[in-house]
Every structure is written in structure tokens, then in C-alpha cells.
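See below for upload-v6.cif, which holds mmCIF, C-alpha atoms.
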data_target
loop_
_atom_site.label_atom_id
_atom_site.label_comp_id
_atom_site.auth_asym_id
_atom_site.auth_seq_id
_atom_site.Cartn_x
_atom_site.Cartn_y
_atom_site.Cartn_z
CA MET E 24 135.49 126.67 172.78
CA ALA E 25 137.21 124.13 170.54
CA GLY E 26 136.16 122.98 167.13
CA ASN E 27 134.93 124.30 163.81
CA VAL E 28 131.41 123.43 162.66
CA LEU E 29 130.20 123.51 159.05
CA ILE E 30 126.51 123.41 158.14
CA ALA E 31 126.63 122.35 154.50
CA CYS E 32 123.90 123.27 152.01
CA GLU E 33 122.29 125.71 154.43
CA ARG E 34 121.24 129.18 153.28
CA SER E 35 118.99 130.03 156.24
CA GLN E 36 121.93 129.83 158.69
CA GLU E 37 119.53 128.59 161.36
CA ILE E 38 121.67 125.71 162.63
CA ALA E 39 124.93 127.59 162.16
CA MET E 40 123.67 130.44 164.34
CA ALA E 41 122.36 128.02 167.00
CA PHE E 42 125.93 126.76 167.46
CA ARG E 43 127.28 130.32 167.42
CA ARG E 44 124.88 131.37 170.16
CA LEU E 45 126.54 128.74 172.36
CA GLY E 46 130.00 130.06 171.54
CA PHE E 47 131.11 127.62 168.84
CA SER E 48 132.90 128.59 165.63
CA SER E 49 130.24 127.73 163.07
CA TYR E 50 129.69 128.54 159.39
CA SER E 51 127.09 127.73 156.76
CA CYS E 52 127.89 127.10 153.09
CA ASP E 53 125.95 126.77 149.85
CA ILE E 54 126.40 127.51 146.15
CA GLU E 55 123.95 130.38 146.65
CA LYS E 56 123.99 133.38 148.97
CA SER E 57 122.47 133.19 152.43
CA TYR E 58 119.23 134.76 153.61
CA GLY E 59 119.93 134.31 157.32
CA GLY E 60 121.20 137.83 157.92
CA HIS E 61 124.80 136.93 158.74
CA PRO E 62 126.81 136.93 155.49
CA GLU E 63 130.02 137.10 157.54
CA TYR E 64 129.40 133.48 158.57
CA HIS E 65 128.31 132.11 155.17
CA ILE E 66 130.63 130.68 152.52
CA VAL E 67 129.36 130.74 148.94
CA GLY E 68 130.93 127.80 147.14
CA ASP E 69 130.83 124.11 146.27
CA ALA E 70 130.07 122.15 149.43
CA ALA E 71 131.74 119.08 147.90
CA GLN E 72 135.06 120.90 148.15
CA ILE E 73 134.46 122.84 151.36
CA VAL E 74 133.61 119.73 153.44
CA GLN E 75 137.07 118.35 152.68
CA GLY E 76 138.72 121.05 154.83
CA HIS E 77 142.37 121.98 154.22
CA GLY E 78 141.63 125.39 152.74
CA VAL E 79 140.93 129.06 153.09
CA TRP E 80 137.56 130.43 152.01
CA VAL E 81 136.17 133.93 152.01
CA THR E 82 132.70 134.41 153.44
CA GLU E 83 129.92 136.27 151.74
CA GLY E 84 130.73 139.14 154.10
CA GLY E 85 134.39 139.23 153.02
CA PHE E 86 135.99 137.49 156.01
CA PRO E 87 138.57 134.69 155.52
CA VAL E 88 137.90 131.27 157.05
CA CYS E 89 141.03 129.14 157.46
CA ILE E 90 140.64 125.39 158.09
CA PRO E 91 144.22 124.03 158.28
CA GLN E 92 143.13 120.40 158.58
CA TYR E 93 139.54 119.15 158.78
CA TRP E 94 136.22 120.46 160.03
CA ASP E 95 135.47 119.02 163.45
CA MET E 96 131.74 118.66 162.82
CA ILE E 97 129.69 118.73 159.63
CA ILE E 98 125.89 118.81 159.51
CA ALA E 99 124.76 118.52 155.89
CA HIS E 100 121.46 119.00 154.11
CA PRO E 101 122.14 117.70 150.58
CA PRO E 102 119.43 118.36 147.97
CA CYS E 103 116.74 115.71 148.31
CA THR E 104 114.71 116.29 145.12
CA MET E 105 116.04 113.18 143.39
CA LEU E 106 116.41 110.97 146.46
CA THR E 107 113.08 110.89 148.28
CA HIS E 108 110.10 108.56 148.03
CA SER E 109 108.06 111.45 146.60
CA SER E 110 110.38 111.67 143.59
CA ALA E 111 109.36 108.18 142.43
CA VAL E 112 106.29 109.53 140.60
CA ALA E 113 108.34 112.14 138.76
CA LEU E 114 110.88 109.47 137.85
CA HIS E 115 108.14 107.20 136.52
CA LYS E 116 106.72 110.05 134.41
CA GLY E 117 110.12 110.83 132.94
CA LEU E 118 110.45 114.18 134.72
CA HIS E 119 113.57 112.87 136.47
CA ARG E 120 116.25 110.60 135.06
CA TYR E 121 117.87 107.66 136.83
CA ILE E 122 121.26 109.29 136.26
CA ASP E 123 119.98 112.27 138.29
CA VAL E 124 119.19 109.91 141.18
CA LEU E 125 122.72 108.47 140.97
CA GLU E 126 124.25 111.94 140.97
CA GLY E 127 122.16 112.93 143.99
CA ALA E 128 123.25 109.77 145.79
CA ARG E 129 126.91 110.44 144.93
CA PHE E 130 126.73 113.92 146.48
CA PHE E 131 124.90 112.56 149.53
CA LEU E 132 127.59 109.91 150.13
CA LEU E 133 130.31 112.51 149.68
CA MET E 134 128.75 114.50 152.54
CA LEU E 135 128.43 111.38 154.71
CA SER E 136 132.06 110.35 154.13
CA ALA E 137 133.51 113.84 154.68
CA PRO E 138 136.73 113.79 156.75
CA ALA E 139 135.36 115.24 159.98
CA ARG E 140 135.24 113.89 163.53
CA PHE E 141 131.46 114.15 163.66
CA VAL E 142 129.03 114.02 160.72
CA CYS E 143 125.25 114.28 160.44
CA VAL E 144 123.47 114.13 157.08
CA GLU E 145 119.76 114.98 157.01
CA ASN E 146 117.22 113.95 154.34
CA PRO E 147 113.66 112.68 154.07
CA ALA E 148 113.08 108.93 153.72
CA PRO E 149 115.14 107.87 150.68
CA LEU E 150 114.13 106.31 147.39
CA GLY E 151 115.09 102.63 147.34
CA ILE E 152 116.93 102.74 144.01
CA ALA E 153 119.25 105.41 145.41
CA HIS E 154 120.81 102.63 147.54
CA LEU E 155 121.70 104.92 150.41
CA PRO E 156 122.97 103.28 153.60
CA PRO E 157 120.50 102.75 156.46
CA TYR E 158 119.70 105.90 158.39
CA SER E 159 120.57 106.15 162.07
CA GLN E 160 117.46 107.90 163.39
CA ILE E 161 114.11 109.46 162.51
CA ILE E 162 113.08 112.72 164.19
CA ASN E 163 109.99 114.93 164.08
CA PRO E 164 109.41 118.55 165.14
CA PHE E 165 106.87 117.38 167.71
CA ASP E 166 109.75 115.76 169.64
CA PHE E 167 111.33 119.17 170.08
CA GLY E 168 108.49 121.44 171.14
CA HIS E 169 106.69 122.15 167.82
CA PRO E 170 103.09 121.11 166.98
CA PHE E 171 104.08 119.72 163.57
CA SER E 172 105.15 116.45 161.98
CA LYS E 173 107.91 116.47 159.38
CA ARG E 174 109.76 113.16 159.14
CA TRP E 175 113.53 113.66 158.96
CA CYS E 176 116.05 110.86 158.64
CA LEU E 177 119.48 111.42 160.15
CA TRP E 178 122.62 109.55 159.12
CA LEU E 179 125.15 109.88 161.96
CA ARG E 180 128.90 109.30 162.12
CA GLY E 181 130.52 109.63 165.53
CA LEU E 182 127.42 111.33 166.95
CA PRO E 183 124.83 109.93 169.37
CA GLN E 184 121.18 109.96 168.42
CA LEU E 185 119.42 113.25 169.09
CA LEU E 186 117.32 113.00 172.25
CA PRO E 187 113.78 114.46 172.28
CA THR E 188 113.47 117.56 174.42
CA HIS E 189 109.65 117.64 174.75
CA ALA E 190 106.78 115.23 175.05
CA LYS E 191 105.09 114.49 171.74
CA TYR E 192 102.19 116.78 170.86
CA VAL E 193 98.98 114.75 170.96
CA GLU E 194 97.57 116.93 168.17
CA HIS E 195 99.95 118.06 165.47
CA LYS E 196 99.76 119.21 161.86
CA GLN E 197 101.75 117.93 158.91
CA TRP E 198 104.30 120.60 158.04
CA LEU E 199 104.32 119.96 154.27
CA LYS E 200 100.58 120.59 154.06
CA HIS E 201 100.81 123.58 156.39
CA CYS E 202 103.26 125.36 154.07
CA ALA E 203 102.34 123.92 150.66
CA GLY E 204 103.69 125.89 147.73
CA ASN E 205 106.49 127.56 149.68
CA SER E 206 109.76 125.67 149.19
CA ARG E 207 111.69 127.83 151.64
CA ARG E 208 109.21 127.18 154.46
CA ARG E 209 109.03 123.46 153.58
CA SER E 210 112.79 123.18 154.10
CA HIS E 211 112.62 125.03 157.42
CA THR E 212 114.61 123.53 160.31
CA PHE E 213 112.71 124.16 163.53
CA SER E 214 114.34 126.12 166.35
CA GLY E 215 113.85 123.28 168.83
CA VAL E 216 115.77 120.89 166.58
CA GLU E 217 118.52 123.44 165.95
CA MET E 218 119.05 124.05 169.65
CA ALA E 219 118.97 120.34 170.44
CA MET E 220 121.76 119.76 167.91
CA ALA E 221 123.84 122.60 169.33
CA GLU E 222 123.21 121.75 172.99
CA GLN E 223 123.59 117.97 172.69
CA TRP E 224 126.34 117.70 170.08
CA GLY E 225 128.29 120.92 170.68
CA PRO E 226 129.91 119.73 173.94
CA LEU E 227 131.47 116.80 172.04
CA LEU E 228 133.75 119.30 170.32
CA ASN E 229 135.49 119.99 173.62
CA GLU E 230 136.26 116.34 174.36
#
In C-alpha cells, how does this file's structure come out?
Amino acid sequence: MAGNVLIACERSQEIAMAFRRLGFSSYSCDIEKSYGGHPEYHIVGDAAQIVQGHGVWVTEGGFPVCIPQYWDMIIAHPPCTMLTHSSAVALHKGLHRYIDVLEGARFFLLMLSAPARFVCVENPAPLGIAHLPPYSQIINPFDFGHPFSKRWCLWLRGLPQLLPTHAKYVEHKQWLKHCAGNSRRRSHTFSGVEMAMAEQWGPLLNE
């Protein structure tokens, strides 16, 4: 199948492997090592550089990845600590600085403007003073077969909105409360969402 997919700022490799299971060439990248069990498909490095394409990188497993031009699709999960509504309290208390918000916004916009045919950037609802552009869509796990709510905003370039695959659960739990105190579980991307991205957006790479 055509196309190279990069999942930026992903250590779990969950989305990267969803695309691979459908036969697409897909890699994750982060400044830290992966914990998804496939180091041969994870690039340890600065996502700000890797999303630009035009380079050769060596995966955590020692395999070279050559991108002669641009990535065809980028799905990015930039750090949200300084950009979300919840960070407003920390900012007010002086635990965060406004310059940190600006730096977070700069990195976010770099992901969104990456030179790829298709781009999706995921984050929670943003802090107003970050001045991020309007998001394209809001999704929840309960739209994709999971009994949880976790409000994600998606910023899309060249991609259609993600279509729900299941009817909304009448009773669902809030994911952040369900996994309080565990940052890795809080950042979890649910399997139903991962497969929806791969199944709905992957075929665009062949067009």
C-alpha cells in the first residue's frame, strides 16, 4: 500500500500499530523510548524535525527509515500540559508561565503546519490565551465502542471528520476519574478510535 504515516509524540505505538495491521507503513516518534513493544517502528528524536520529512532516521530497534520527500500522513499528539483549560489554575498560581503556554502553542502549530498531505493534531479543549485555531471536531470514546467519556479535539488538514462507529453508550464513565493518578492511562488512545483512524483515513493514502 502507498504512503508513509507518522504518529508524532506517541510512545505507546497504539495508533502506529493500528495502521500497520492494515498494511500501511507507519512509525511512531517521541523524544523518549517507546513502551509499545515494537522498537523497530519507533524513532527516538525531536518530532519538530522528524515531521518535516526529507531525512533518514534510525529506529529504536536499529532500522533505517528513509523519507525522501514528505510524510504522507501525520497524526500528532503534542504535549497538552500548558495548553488545556485545566492548566489555567496552575497558570494563575504561578506554577506555569505564560511563556510556557506560548512555547506549547508554537510546537502545536508546527505539528499542524507540517508538510504532509494529511494532518491530524489531537489535544483536549485548549486554553483561550494559547490562541490556537478552531478545532475541526470533538470525539469521545463512547462514539467508538467504549463506555467512557474523554473529550478530544481534533484539528484536521486534508482529512474528513472521523465518523462514529458505535451508538453512544447511555451510561458511561469519565475516563480521567477512572484512571486518576496514572498519567500513562490518562493519555491512553482507545482501540476503537485507533482502528477508526486507520480504517477511515488509511484508504486516502492510496488515492
* Between E:Pro183, E:Gly68, E:Gly26, E:Pro147, which is the closest to Tyr93 of chain E once you count all atoms listed in the file? ->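 Among the listed residues, the smallest separation from Tyr93 of chain E belongs to E:Gly26.
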- Task: Could you state which residues are captured by the PyMOL selection byres ((chain E and resi 176) around 12) in this file, as a ChimeraX atom specification?
- Result: /E:99-100,103,107,143-149,155-163,173-175,177-179,184-185
Mind checking which residues fall within 7 Å of Gly78 of chain E, counting all atoms listed in the file, ignoring those fewer than 6 positions away in the same chain, and posting them as a CSV table (one decimal) with C-alpha atoms, in the coordinates of the input?
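Saved result, around_8.csv, follows:
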chain,number,residue,atom,x,y,z
E,89,CYS,CA,141.0,129.1,157.5
E,90,ILE,CA,140.6,125.4,158.1
E,91,PRO,CA,144.2,124.0,158.3
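Between atom CA of Arg43 of chain E and atom CA of Lys191 of chain E lies a distance of 27.6 Å.
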Discussion item. With distances taken over all atoms listed in the file, which residue among E:Ser51, E:Ser136, E:Gln36, E:Ser172 lies nearest Val88 of chain E?
Written reply: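 Distance minimum relative to Val88 of chain E lands on E:Ser51.
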Using all atoms listed in the file, which residue out of E:Val28, E:Gly168, E:Gln72, E:Ile38 lies closest to Phe130 of chain E?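 Closest candidate: E:Gln72.
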Save segment 34-153 of chain E to disk from that block, C-alpha atoms included, as a short mmCIF file (atom, residue, chain, number, x, y, z; two decimals), in the first residue's frame.
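Saved result, part_24.cif, follows:
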data_model
loop_
_atom_site.label_atom_id
_atom_site.label_comp_id
_atom_site.auth_asym_id
_atom_site.auth_seq_id
_atom_site.Cartn_x
_atom_site.Cartn_y
_atom_site.Cartn_z
CA ARG E 34 5.27 6.23 22.87
CA SER E 35 2.52 3.63 23.19
CA GLN E 36 2.58 2.92 19.42
CA GLU E 37 -1.14 2.17 19.57
CA ILE E 38 -2.16 4.20 16.52
CA ALA E 39 1.01 3.37 14.59
CA MET E 40 0.33 -0.35 15.00
CA ALA E 41 -3.34 0.06 14.02
CA PHE E 42 -2.18 1.38 10.64
CA ARG E 43 0.44 -1.38 10.36
CA ARG E 44 -2.17 -4.06 10.97
CA LEU E 45 -3.92 -2.80 7.83
CA GLY E 46 -0.71 -2.96 5.83
CA PHE E 47 0.41 0.67 5.92
CA SER E 48 3.98 1.84 6.50
CA SER E 49 3.61 3.54 9.88
CA TYR E 50 6.03 4.74 12.56
CA SER E 51 5.76 6.45 15.93
CA CYS E 52 8.23 9.05 17.22
CA ASP E 53 8.98 10.77 20.51
CA ILE E 54 11.95 12.19 22.39
CA GLU E 55 11.66 9.17 24.70
CA LYS E 56 11.74 5.44 24.02
CA SER E 57 8.57 3.53 23.25
CA TYR E 58 6.72 1.12 25.51
CA GLY E 59 4.55 -0.38 22.78
CA GLY E 60 6.70 -3.45 22.21
CA HIS E 61 7.83 -2.61 18.67
CA PRO E 62 11.07 -0.59 18.89
CA GLU E 63 11.73 -1.36 15.22
CA TYR E 64 8.88 1.02 14.34
CA HIS E 65 9.70 3.81 16.81
CA ILE E 66 12.01 6.77 16.13
CA VAL E 67 13.56 8.44 19.17
CA GLY E 68 14.13 12.08 18.28
CA ASP E 69 12.75 15.60 18.04
CA ALA E 70 9.31 15.44 16.44
CA ALA E 71 9.70 19.05 15.29
CA GLN E 72 12.41 17.88 12.90
CA ILE E 73 11.00 14.47 12.00
CA VAL E 74 7.62 15.83 10.84
CA GLN E 75 9.43 17.89 8.19
CA GLY E 76 10.40 14.74 6.26
CA HIS E 77 13.40 14.81 3.90
CA GLY E 78 15.63 12.65 6.07
CA VAL E 79 16.86 9.31 7.25
CA TRP E 80 16.26 8.25 10.84
CA VAL E 81 17.23 5.13 12.72
CA THR E 82 14.53 3.46 14.79
CA GLU E 83 14.92 2.42 18.37
CA GLY E 84 15.36 -1.12 17.03
CA GLY E 85 18.23 -0.08 14.74
CA PHE E 86 16.39 0.01 11.40
CA PRO E 87 16.80 2.98 9.00
CA VAL E 88 13.70 4.91 7.92
CA CYS E 89 14.18 6.92 4.72
CA ILE E 90 11.66 9.66 3.86
CA PRO E 91 12.95 11.21 0.59
CA GLN E 92 10.28 13.92 0.50
CA TYR E 93 7.41 14.33 2.98
CA TRP E 94 5.35 12.08 5.21
CA ASP E 95 2.01 11.35 3.57
CA MET E 96 0.05 11.45 6.82
CA ILE E 97 0.90 12.79 10.27
CA ILE E 98 -1.21 12.23 13.38
CA ALA E 99 0.27 14.24 16.24
CA HIS E 100 -0.29 14.32 19.99
CA PRO E 101 1.69 17.37 21.14
CA PRO E 102 2.09 17.83 24.91
CA CYS E 103 -1.05 19.46 26.29
CA THR E 104 0.08 20.38 29.82
CA MET E 105 0.38 24.09 29.05
CA LEU E 106 -2.47 24.35 26.55
CA THR E 107 -5.61 22.96 28.16
CA HIS E 108 -8.38 24.60 30.17
CA SER E 109 -7.20 22.67 33.23
CA SER E 110 -3.83 24.42 33.12
CA ALA E 111 -5.46 27.80 33.81
CA VAL E 112 -5.42 27.20 37.59
CA ALA E 113 -1.73 26.31 37.56
CA LEU E 114 -1.02 29.38 35.45
CA HIS E 115 -2.94 31.59 37.89
CA LYS E 116 -0.99 30.13 40.83
CA GLY E 117 2.33 30.77 39.11
CA LEU E 118 3.09 27.07 38.59
CA HIS E 119 3.15 27.68 34.83
CA ARG E 120 4.46 30.71 32.99
CA TYR E 121 2.80 32.46 30.06
CA ILE E 122 5.97 31.89 28.03
CA ASP E 123 5.45 28.14 28.57
CA VAL E 124 1.96 28.46 27.05
CA LEU E 125 3.42 30.28 24.04
CA GLU E 126 6.08 27.61 23.59
CA GLY E 127 3.45 24.87 23.77
CA ALA E 128 1.34 26.70 21.20
CA ARG E 129 4.37 27.14 18.91
CA PHE E 130 5.05 23.39 18.95
CA PHE E 131 1.35 22.62 18.39
CA LEU E 132 1.21 24.90 15.33
CA LEU E 133 4.41 23.37 13.99
CA MET E 134 2.69 19.96 14.07
CA LEU E 135 -0.45 21.36 12.41
CA SER E 136 1.52 23.05 9.62
CA ALA E 137 3.79 20.06 8.92
CA PRO E 138 4.33 19.47 5.17
CA ALA E 139 2.23 16.34 4.78
CA ARG E 140 -0.78 15.55 2.58
CA PHE E 141 -2.94 14.72 5.58
CA VAL E 142 -2.57 16.03 9.14
CA CYS E 143 -4.47 15.42 12.37
CA VAL E 144 -3.46 17.08 15.64
CA GLU E 145 -5.16 15.87 18.83
CA ASN E 146 -5.47 17.78 22.13
CA PRO E 147 -8.03 18.47 24.84
CA ALA E 148 -10.05 21.70 24.67
CA PRO E 149 -7.46 24.50 24.51
CA LEU E 150 -6.76 27.41 26.81
CA GLY E 151 -8.03 30.64 25.27
CA ILE E 152 -4.80 32.59 25.69
CA ALA E 153 -2.96 29.95 23.64
#
